[in-house]
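Asker: Quick one: this structure, given as structure tokens, is what I'll be asking you about.
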Amino acid sequence: MAPTTARHRPGSLGWWTALGIALALTLANAGAAPQASARPDKTKHDKIVPAPVDPRPTRIAGTLMPKRAASVPIAEVDAALVGANATTPRDLRILVIAADGVVDDLDLAAVRSYLGRVGIPYDVMFAASEDLTAARLEDSTHGRYSAVILTTGNLAYWSPDYTLPFTNEEWQILHGYEARYGVRQVTTFTSPTDAYNLTYEGAMVPNNLVTWLTTDGQSVFGDLNPSTAIPIRWGWVYLALVGTRTDVTTVPLLETTDGHVIASVTTFADGRENLAITAGNSPQLLHTQLLAGGIIDWVTKGLYLGERHVNLDAQVDDLFLDDDVWDSLATGEDDGPWYRMDATDVTQLVAWQQSLDASSQLATVRLELAFNGEGTTGIYPDDTLTAAAKANQAHFSWINHSWSHESFDYPASANTIYREISRNDAFARTFAFTSYVRDALVQPDLSGLDNGAFWAGASKAGIRYVLSDLSKPSTWTTTEPNVGVQGPKGILVIPRRANNLFYNVTTPDEWVDEYNYNYWGWHDADGVFHEGQWHYWDVPQTYEQILDHESDFLLGYLLAWDLDPWMFHQANLAAYDGTRSLLGDLLDRTLEKYLAHYGLPIRNLSQHDVGVLMTHRMAYNASGVTASVRPCTSITMRVTKSAQVPITGVQYGSNYEQYGGTDISYVNVTPKRPVTIPLTCPAA
């Protein structure tokens with residue numbers, strides 16, 4: 001590829017790619033750049049320039065490694081107490097115990113992340129500043145928790161001697177409660193000691209430690225592909241072997257190739273069970289994301305408030321219009337190259353999407369195309385796109401992107417905004433889209449949110465769900481998982497995720513050139529090197545490497561059970577060699593990784609679907625829901641505000657589903673009217 005010259009200009013950064021099935025990628029960056037017919041004589045509107053998405057992998061930097069000698073006391077609960085409260089109610093709530101919360105506790109962040117995404121109620125206790133008492137765990141009528149998670153095995157925190165905050169009495173209180181109520185415990189970063197029947201064999205921060213599920217591990221971590229390796233990298237790992245205690249039973253779940261134990265379950269004489277993981281965790285680390293579902297299922301025994309799905313809403317903007325194209329020898333915005341899809345692109349896109357049907361996990365996936373009807377009115381000579389899109393429209397979902405892509409920011413009036421939306425909606429009805437819901441809108445450049453007139457115009461047009469840019473924190477974004485931000489006029493603002501598949505690239509060469517310009521650098525006409533504005537890589541990245549980096553980001557969103565849509569542009573669908581597109585290549589790589597690791601089907605969503613689900617989650621989060629379970633008898637749910645309560649592990653009422661072999665019910669609960677669900681236990 002020709003070296004970058006001083007005439008480079010930074011292109012507007014675009015957004016993430018949609019899905020594709022695993023293909024063997026033999027990437028020869030050949031093929032002529034796609035060509036378009038003459039561009040219409042019209043003003044092209046400015047494209048949004050989102051904040052860059054950091055290409056670097058997330059590492060556990062500065063993670064505190066607890067002192068190995070600090071150990072939990074080996075103390076058993078009086079056998080006479082075992083099972084004493086087997087039928088006493090306990091709340092469907094998890095107690096998370098961390099050390100002090102002062103030093104960055106990335107394991108606590110990981111636990112908060114996956115419990116929050118599922119919607120499981122939990123409390124956090126900091127052992128260094130709070131005393132654990134029996135009253136914290138139970139009263140005379142019920143137990144307050146149905147599961148316990150410790151963010152480290154010994155709860156040590158930083159001090160000259162790594163202080164252990166729990167006294168022997170507090171450990172006895174905790175263990176006694178777990179034994180009497182049959183409550184399981186997880187220790188997410190566990191130093192190998194006799195307390196968990198593990199012996200220390202060393203420690204490391206691996207670049208790629210390969211681990212495998214044992215037969216027992218395949219049962220516990222049922223979300224995962226049982227035959228895949230689970231890589232661990234960028235965090236502390238203790239290597240362990242099963243200890244020699246004869247009074248407990250320890251079963252390995254996850255082992256290295258040479259037999260070191262990374263995850264195991266120990267059953268104690270008093271009936272307690274602990275799942276210990278000897279690797280540090282963080283919300284973005286792959287092994288944390290892969291193990292999270294199994295941890296939740298195991299510690300809750302498969303019964304909990306909340307639900308989890310693997311979700312995808314891959315949106316492609318600007319259909320029927322054109323996009324500027326990255327030009328390494330740019331001569332200016334107005335006379336630079338541009339691209340608009342044609343019939344060949346539609347043909348390859350349909351074939352690519354149909355290829356997903358080969359996997360039952362991907363069979364429902366379809367792209368959601370954000371369309372601008374003005375592009376079908378003859379303003380593009382030699383237009384083959386419109387007829388091809390109409391003939392194949394049933395293969396995709398469709399969403400309103402306004403008639404002509406005019407900005408909705410000030411000074412756009414409510415009437416102008418209404419006309420842009422309603423005219424495009426009328427076009428959709430004439431075009432007879434099979435999969436289209438008129439209450440969802442992708443605003444041009446995600447504009448309008450700070451223009452008061454936008455809300456009036458959008459509401460008049462019947463809009464309920466719009467978008468914000470999650471890469472730019474603002475009043476219209478949130479870090480809370482799987483929820484939106486309530487805007488005026490009853491309109492929900494849904495965060496959308498950006499990525500480094502820029503809006504203005506159509507070929508591998510273009511993407512590589514712009515990516516390296518931003519994240520590596522460029523040479524001027526005199527051969528002097530200039531670092532890119534977001535310099536990270538020490539060497540320029542190849543197409544294969546960029547696909548690998550960016551697919552890791554997308555994979556992480558799938559594994560996090562995330563509802564936020566992803567953003568791409570129509571130029572990314574150019575059939576650069578006649579059969580493949582950048583978007584297809586990126587999604588193929590993402591789904592190849594997904595299928596290698598995960599066994600759950602991907603739930604395809606439209607923006608309307610996302611809006612409905614987020615609305616339910618927001619009501620659920622605000623409901624003050626509590627649930628008390630009497631084993632093998634009943635679950636009683638109460639709320640302070642009305643909500644549809646998701647509960648996993650039971651089949652109840654008419655609104656339920658079975659997802660990945662797990663029952664999930666959705667129960668409407670109102671204040672002062674508790675709902676009781678009968679429970680039975682299978683015969684032993």
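Ordered as shown in the structure tokens, chains take letters A, B, and onward, while each chain numbers its residues from 1 and ligands are numbered from 1 in the order shown.
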Would you list the contacts of A:His569 as a PDB file with C-alpha atoms, in the first residue's frame, taking every protein, DNA or RNA residue within 12 Å and counting only C-alpha atoms, but skipping same-chain residues closer than 4 positions in sequence?

Answerer:
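Contents of the output file selection32.pdb:
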ATOM      1  CA  SER A  12     -15.248  11.477  10.117  1.00  0.00           C
ATOM      2  CA  LEU A  13     -15.191   8.456  12.377  1.00  0.00           C
ATOM      3  CA  GLY A  14     -18.040   6.081  11.731  1.00  0.00           C
ATOM      4  CA  TRP A  15     -19.747   3.317  13.639  1.00  0.00           C
ATOM      5  CA  TRP A  16     -19.808  -0.474  14.348  1.00  0.00           C
ATOM      6  CA  THR A  17     -20.695  -3.388  12.037  1.00  0.00           C
ATOM      7  CA  ALA A  18     -23.553  -5.956  11.927  1.00  0.00           C
ATOM      8  CA  LYS A  47     -21.657  13.620   8.811  1.00  0.00           C
ATOM      9  CA  ILE A  48     -21.495  13.121  12.537  1.00  0.00           C
ATOM     10  CA  ALA A 314     -27.085  -3.864  13.881  1.00  0.00           C
ATOM     11  CA  GLN A 315     -28.224  -0.652  12.193  1.00  0.00           C
ATOM     12  CA  VAL A 316     -26.995   0.640   8.826  1.00  0.00           C
ATOM     13  CA  ASP A 317     -27.642   4.346   8.159  1.00  0.00           C
ATOM     14  CA  ASP A 318     -28.178   6.378   4.963  1.00  0.00           C
ATOM     15  CA  LEU A 319     -29.740   3.748   2.724  1.00  0.00           C
ATOM     16  CA  PHE A 320     -30.725   5.289  -0.633  1.00  0.00           C
ATOM     17  CA  LEU A 321     -28.323   8.232  -0.088  1.00  0.00           C
ATOM     18  CA  ASP A 322     -24.542   8.368  -0.530  1.00  0.00           C
ATOM     19  CA  ASP A 323     -21.594   8.781   1.866  1.00  0.00           C
ATOM     20  CA  ASP A 324     -18.245  10.481   1.406  1.00  0.00           C
ATOM     21  CA  VAL A 325     -15.318   8.094   1.034  1.00  0.00           C
ATOM     22  CA  TYR A 339     -20.261   6.031  -2.656  1.00  0.00           C
ATOM     23  CA  ARG A 340     -23.877   4.879  -2.906  1.00  0.00           C
ATOM     24  CA  MET A 341     -24.902   1.230  -2.860  1.00  0.00           C
ATOM     25  CA  LEU A 367     -29.769  -5.998   9.571  1.00  0.00           C
ATOM     26  CA  GLU A 368     -31.910  -2.961  10.374  1.00  0.00           C
ATOM     27  CA  LEU A 369     -31.596  -0.485   7.494  1.00  0.00           C
ATOM     28  CA  ALA A 370     -32.145   3.218   8.221  1.00  0.00           C
ATOM     29  CA  PHE A 371     -33.555   4.715   5.009  1.00  0.00           C
ATOM     30  CA  HIS A 401     -33.932   8.014   9.032  1.00  0.00           C
ATOM     31  CA  PRO A 444     -29.804  12.321  10.918  1.00  0.00           C
ATOM     32  CA  ASP A 445     -26.384  12.495  12.613  1.00  0.00           C
ATOM     33  CA  ALA A 498     -19.938   3.598  18.027  1.00  0.00           C
ATOM     34  CA  ASN A 499     -16.966   1.671  16.639  1.00  0.00           C
ATOM     35  CA  ASN A 500     -13.953   2.040  14.382  1.00  0.00           C
ATOM     36  CA  LEU A 501     -15.527   0.852  11.131  1.00  0.00           C
ATOM     37  CA  PHE A 502     -15.630   4.413   9.875  1.00  0.00           C
ATOM     38  CA  TYR A 503     -18.674   5.644   7.949  1.00  0.00           C
ATOM     39  CA  ASN A 504     -16.534   6.644   4.963  1.00  0.00           C
ATOM     40  CA  VAL A 505     -14.723   3.413   4.015  1.00  0.00           C
ATOM     41  CA  THR A 506     -15.710   0.890   1.346  1.00  0.00           C
ATOM     42  CA  LEU A 573     -21.863  -2.602   2.569  1.00  0.00           C
ATOM     43  CA  ALA A 574     -20.049  -2.000  -0.728  1.00  0.00           C
ATOM     44  CA  SER A 581     -18.137  -6.111   2.258  1.00  0.00           C
ATOM     45  CA  LEU A 582     -16.282  -4.567   5.188  1.00  0.00           C
ATOM     46  CA  LEU A 583     -19.348  -4.937   7.364  1.00  0.00           C
TER      47      LEU A 583
END

Asker: If we count only C-alpha atoms and set the cut-off at 7 Å, which residues sit around A:Asn518, ignoring sequence neighbours fewer than 4 positions away in its own chain? Please answer as number ranges by chain.

Answerer: A: 514, 532-535

Asker: For atom CA of A:Pro674 and atom CA of A:Asn85, quote the distance in Å rounded to one decimal.

Answerer: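 Between atom CA of A:Pro674 and atom CA of A:Asn85 the gap is 23.7 Å.
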
Asker: Quick one: of A:Asp450, A:Asp270, A:Asp577, A:Asp313, who's nearest to A:Val365, counting only C-alpha atoms?

Answerer: A:Asp313

Asker: Can you measure atom CA of A:Leu595 to atom CA of A:Phe189 for me? One decimal in Å is fine.

Answerer: 27.2 Å

Asker: Determine, counting only C-alpha atoms, which protein, DNA and RNA residues have an atom within 8 Å of an atom of A:Leu239; residues of the same chain fewer than 4 positions away are not included. Present the result as a list in words.

Answerer: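 Final neighbour list, sorted by chain and number: Pro192, Tyr200, Glu201, Gly202, Ala203, Met204, His260, Val261, Ile262 and Thr278 of chain A.
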
Asker: Kindly save the residues from that selection, with N, CA and C atoms included, as a JSON list (two decimals), in the first residue's frame.

Answerer:
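Full text of again30.json as output:
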[["chain", "number", "residue", "atom", "x", "y", "z"],
["A", 192, "PRO", "N", -5.09, -19.69, 46.42],
["A", 192, "PRO", "CA", -5.18, -21.12, 46.76],
["A", 192, "PRO", "C", -4.67, -21.39, 48.17],
["A", 200, "TYR", "N", -1.09, -23.86, 46.35],
["A", 200, "TYR", "CA", -0.48, -22.83, 45.50],
["A", 200, "TYR", "C", 0.62, -23.44, 44.64],
["A", 201, "GLU", "N", 0.58, -23.16, 43.33],
["A", 201, "GLU", "CA", 1.57, -23.68, 42.39],
["A", 201, "GLU", "C", 2.27, -22.58, 41.61],
["A", 202, "GLY", "N", 2.01, -21.33, 41.96],
["A", 202, "GLY", "CA", 2.64, -20.22, 41.26],
["A", 202, "GLY", "C", 1.62, -19.16, 40.88],
["A", 203, "ALA", "N", 2.12, -18.05, 40.32],
["A", 203, "ALA", "CA", 1.26, -16.95, 39.90],
["A", 203, "ALA", "C", 1.85, -16.31, 38.67],
["A", 204, "MET", "N", 1.00, -15.66, 37.87],
["A", 204, "MET", "CA", 1.46, -15.08, 36.62],
["A", 204, "MET", "C", 0.46, -14.04, 36.12],
["A", 260, "HIS", "N", -3.33, -27.44, 35.85],
["A", 260, "HIS", "CA", -3.56, -26.52, 36.96],
["A", 260, "HIS", "C", -5.03, -26.10, 37.02],
["A", 261, "VAL", "N", -5.54, -26.00, 38.23],
["A", 261, "VAL", "CA", -6.95, -25.71, 38.44],
["A", 261, "VAL", "C", -7.16, -24.20, 38.51],
["A", 262, "ILE", "N", -8.10, -23.69, 37.72],
["A", 262, "ILE", "CA", -8.44, -22.27, 37.71],
["A", 262, "ILE", "C", -9.82, -22.04, 38.32],
["A", 278, "THR", "N", -9.50, -18.69, 40.53],
["A", 278, "THR", "CA", -8.18, -18.20, 40.94],
["A", 278, "THR", "C", -7.61, -17.15, 39.98]]

Asker: A:Glu273: which residues within 9 Å, counting only C-alpha atoms, same-chain residues fewer than 4 positions away excluded, as a list in words?

Answerer: Glu178, Ala179, Gly182, Val183, Arg184, Gln185, Val186, Val265, Thr266, Thr267 and Phe268 of chain A

Asker: Compare A:Ala643, A:Leu563, A:Leu92, A:Leu241 by their minimum atom-to-atom distance to A:Arg630, counting only C-alpha atoms, and give me the closest one.

Answerer: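 Comparing A:Ala643, A:Leu563, A:Leu92, A:Leu241 against A:Arg630, the winner is A:Leu92.
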